[in-house]
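Notes to accompany the following structure.
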Amino acid sequence: MRDFARGDLTAGGAPHRDPLGLAFDAARAAAARGEVPVGAAVVRDGIVLAVAGNRPRADRDPTAHAEILAIRAACAVLGDERLTGCDLYVTLEPCAMCAGAISLSRIRRLYFAAADPKGGAVENGPRVFNQPTCHHAPEVYGGLRESEAATLLRDFFRDRRP
């Protein structure tokens with residue numbers, strides 16, 4: 001495993017009983033680096049394939065969201081562009097870009113903590129998985145450890161705004 005504090009992602013092979021906990025660890029590490037505290041973990045058959053936290057600022061890449069980074073790393077681990085049978089755990093409701101990537105990668109189940117009324121695209125906004133043009137919609141389970149995620153985000157932004 002790599003060091004979350006340095007912004008690395010973790011990829012490949014460790015069994016874990018709390019993948020959402022790993023996503024929260026990655027979110028906290030992202031916050032420590034000055035990134036919006038969002039973390040994600042991809043799991044298949046109880047094995048953690050990848051964990052990542054947000055890195056748009058560090059990578060100077062607007063697509064470096066935790067979900068995208070974790071999906072890319074899991075695809076690399078499996079050697080496949082599809083994550084059939086994989087589940088994604090994320091600390092915040094995915095945006096439209098990430099929801100599109102979740103659909104295209106064929107994630108089986110999406111578990112997320114806090115809803116995002118402003119930028120979310122699963123239960124809020126465009127509701128990507130409900131669109132007729134969406135070819136694959138995962139099972140969705142939201143609101144897991146929601147208050148923990150909301151507090152993490154609220155504290156992060158409170159500390160940065162006058």
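Labeling convention for the structure tokens: chains A, B, ... as they appear, residues from 1 per chain, ligands from 1 in order of appearance.
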
> If we count only C-alpha atoms, what is near stretch 141-148 of chain A at a cut-off of 10 Å, once residues fewer than 3 positions away on the same chain are taken out, given as a VMD selection string?
Replying inline: chain A and resid 20 to 21 24 89 to 93 109 to 115 122 to 123 138 151 to 154

Just write the chosen residues, N, CA and C atoms, as a compact mmCIF listing (two decimals), in the first residue's frame.
```
# COMPACT_ATOMS: atom_id res chain seq x y z
N LEU A 20 -15.52 1.60 3.03
CA LEU A 20 -15.90 3.00 3.17
C LEU A 20 -14.95 3.70 4.15
N GLY A 21 -14.48 2.97 5.14
CA GLY A 21 -13.47 3.52 6.05
C GLY A 21 -12.19 3.88 5.32
N PHE A 24 -12.81 7.07 3.56
CA PHE A 24 -12.71 8.19 4.50
C PHE A 24 -11.25 8.52 4.82
N TYR A 89 -17.09 2.54 -3.30
CA TYR A 89 -17.45 3.22 -2.06
C TYR A 89 -16.86 4.63 -2.14
N VAL A 90 -17.69 5.64 -1.91
CA VAL A 90 -17.22 7.02 -2.02
C VAL A 90 -17.85 7.87 -0.92
N THR A 91 -17.11 8.87 -0.48
CA THR A 91 -17.58 9.67 0.65
C THR A 91 -18.58 10.75 0.27
N LEU A 92 -18.75 11.03 -1.01
CA LEU A 92 -19.68 12.06 -1.46
C LEU A 92 -20.38 11.57 -2.73
N GLU A 93 -21.63 11.93 -2.86
CA GLU A 93 -22.39 11.59 -4.06
C GLU A 93 -21.61 12.02 -5.31
N ARG A 109 -22.21 -1.94 -7.84
CA ARG A 109 -22.91 -1.22 -6.78
C ARG A 109 -22.13 0.03 -6.41
N LEU A 110 -22.87 1.09 -6.16
CA LEU A 110 -22.30 2.34 -5.69
C LEU A 110 -22.81 2.60 -4.28
N TYR A 111 -21.88 2.78 -3.34
CA TYR A 111 -22.20 3.14 -1.97
C TYR A 111 -21.61 4.52 -1.73
N PHE A 112 -22.43 5.48 -1.28
CA PHE A 112 -21.86 6.78 -0.99
C PHE A 112 -22.38 7.31 0.34
N ALA A 113 -21.59 8.20 0.93
CA ALA A 113 -21.92 8.75 2.24
C ALA A 113 -22.85 9.95 2.11
N ALA A 114 -22.32 11.13 1.89
CA ALA A 114 -23.13 12.35 1.88
C ALA A 114 -23.73 12.63 0.51
N ALA A 115 -24.98 13.06 0.51
CA ALA A 115 -25.60 13.55 -0.72
C ALA A 115 -24.98 14.90 -1.04
N VAL A 122 -26.38 11.72 -8.93
CA VAL A 122 -26.98 10.40 -8.78
C VAL A 122 -28.39 10.54 -8.22
N GLU A 123 -28.52 11.15 -7.04
CA GLU A 123 -29.82 11.41 -6.44
C GLU A 123 -30.24 12.86 -6.62
N PRO A 138 -25.70 1.23 -11.86
CA PRO A 138 -25.40 0.36 -10.72
C PRO A 138 -26.52 0.40 -9.70
N THR A 151 -19.68 16.44 7.99
CA THR A 151 -18.83 17.17 8.94
C THR A 151 -17.44 17.38 8.36
N LEU A 152 -16.88 16.36 7.74
CA LEU A 152 -15.56 16.47 7.12
C LEU A 152 -15.55 17.58 6.06
N LEU A 153 -16.55 17.60 5.22
CA LEU A 153 -16.64 18.62 4.17
C LEU A 153 -16.89 20.01 4.75
N ARG A 154 -17.82 20.10 5.68
CA ARG A 154 -18.15 21.38 6.29
C ARG A 154 -16.93 21.98 7.00
```

> Can you tell me, as a ChimeraX atom specification, what residues are no more than 12 Å from stretch 74-81 of chain A when counting only C-alpha atoms, ignoring any on the same chain fewer than 6 positions away?
Replying inline: /A:9-13,40-44,47-52,67-68,87-88,101-107

>> I need the residues of chain A that end up classed as strand (DSSP E) by DSSP on the backbone, written out as a PyMOL selection string.
In response: chain A and resi 10-15+39-44+47-53+86-92+109-114+139-141

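For stretch 86-143 of chain A, the set of residues given helix (DSSP H, G or I) by DSSP on the backbone reads Ala96, Met97, Cys98, Ala99, Gly100, Ala101, Ile102, Ser103, Leu104, Ser105, Val128, Phe129 and Asn130 of chain A.
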
Selection above as a file: N, CA and C atoms, as a PDB file, in the first residue's frame:
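Okay, out-v4.pdb is ready:
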```pdb
ATOM      1  N   ALA A  96     -21.585  14.458 -12.215  1.00  0.00           N
ATOM      2  CA  ALA A  96     -21.987  13.903 -13.513  1.00  0.00           C
ATOM      3  C   ALA A  96     -20.825  13.195 -14.207  1.00  0.00           C
ATOM      4  N   MET A  97     -19.627  13.779 -14.155  1.00  0.00           N
ATOM      5  CA  MET A  97     -18.465  13.148 -14.794  1.00  0.00           C
ATOM      6  C   MET A  97     -18.195  11.775 -14.171  1.00  0.00           C
ATOM      7  N   CYS A  98     -18.189  11.734 -12.841  1.00  0.00           N
ATOM      8  CA  CYS A  98     -17.897  10.477 -12.156  1.00  0.00           C
ATOM      9  C   CYS A  98     -19.016   9.459 -12.343  1.00  0.00           C
ATOM     10  N   ALA A  99     -20.255   9.917 -12.340  1.00  0.00           N
ATOM     11  CA  ALA A  99     -21.379   9.004 -12.586  1.00  0.00           C
ATOM     12  C   ALA A  99     -21.262   8.396 -13.980  1.00  0.00           C
ATOM     13  N   GLY A 100     -20.856   9.200 -14.953  1.00  0.00           N
ATOM     14  CA  GLY A 100     -20.639   8.668 -16.300  1.00  0.00           C
ATOM     15  C   GLY A 100     -19.551   7.603 -16.316  1.00  0.00           C
ATOM     16  N   ALA A 101     -18.460   7.851 -15.600  1.00  0.00           N
ATOM     17  CA  ALA A 101     -17.377   6.866 -15.537  1.00  0.00           C
ATOM     18  C   ALA A 101     -17.818   5.597 -14.820  1.00  0.00           C
ATOM     19  N   ILE A 102     -18.633   5.754 -13.790  1.00  0.00           N
ATOM     20  CA  ILE A 102     -19.161   4.592 -13.064  1.00  0.00           C
ATOM     21  C   ILE A 102     -20.003   3.742 -14.010  1.00  0.00           C
ATOM     22  N   SER A 103     -20.838   4.375 -14.794  1.00  0.00           N
ATOM     23  CA  SER A 103     -21.673   3.656 -15.753  1.00  0.00           C
ATOM     24  C   SER A 103     -20.820   2.967 -16.817  1.00  0.00           C
ATOM     25  N   LEU A 104     -19.880   3.717 -17.396  1.00  0.00           N
ATOM     26  CA  LEU A 104     -19.043   3.154 -18.464  1.00  0.00           C
ATOM     27  C   LEU A 104     -18.167   2.007 -17.980  1.00  0.00           C
ATOM     28  N   SER A 105     -17.750   2.058 -16.724  1.00  0.00           N
ATOM     29  CA  SER A 105     -16.894   0.991 -16.201  1.00  0.00           C
ATOM     30  C   SER A 105     -17.692  -0.207 -15.695  1.00  0.00           C
ATOM     31  N   VAL A 128     -27.960  10.918 -13.450  1.00  0.00           N
ATOM     32  CA  VAL A 128     -27.378  10.258 -14.628  1.00  0.00           C
ATOM     33  C   VAL A 128     -27.896   8.841 -14.842  1.00  0.00           C
ATOM     34  N   PHE A 129     -28.006   8.071 -13.776  1.00  0.00           N
ATOM     35  CA  PHE A 129     -28.396   6.668 -13.933  1.00  0.00           C
ATOM     36  C   PHE A 129     -29.863   6.489 -14.318  1.00  0.00           C
ATOM     37  N   ASN A 130     -30.642   7.545 -14.199  1.00  0.00           N
ATOM     38  CA  ASN A 130     -32.058   7.476 -14.575  1.00  0.00           C
ATOM     39  C   ASN A 130     -32.313   7.929 -16.008  1.00  0.00           C
TER      40      ASN A 130
END
```

> Given the choices A:Arg55, A:Arg161, A:Arg82, A:Arg127, which gets closest to A:Arg33 if the distance is worked out from only C-alpha atoms?
Replying inline: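 Nearest candidate to A:Arg33 out of A:Arg55, A:Arg161, A:Arg82, A:Arg127: A:Arg55.
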
> atom CA of A:Leu83 to atom CA of A:His65: how many Å, to one decimal?
Replying inline: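 Answer for the atom CA of A:Leu83 to atom CA of A:His65 separation: 17.6 Å.
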
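Excluding A:Lys118 itself and same-chain residues fewer than 4 positions from it, the residues having an atom within 10 Å of it are Cys95, Asn124 and Gly125 of chain A, counting only C-alpha atoms.
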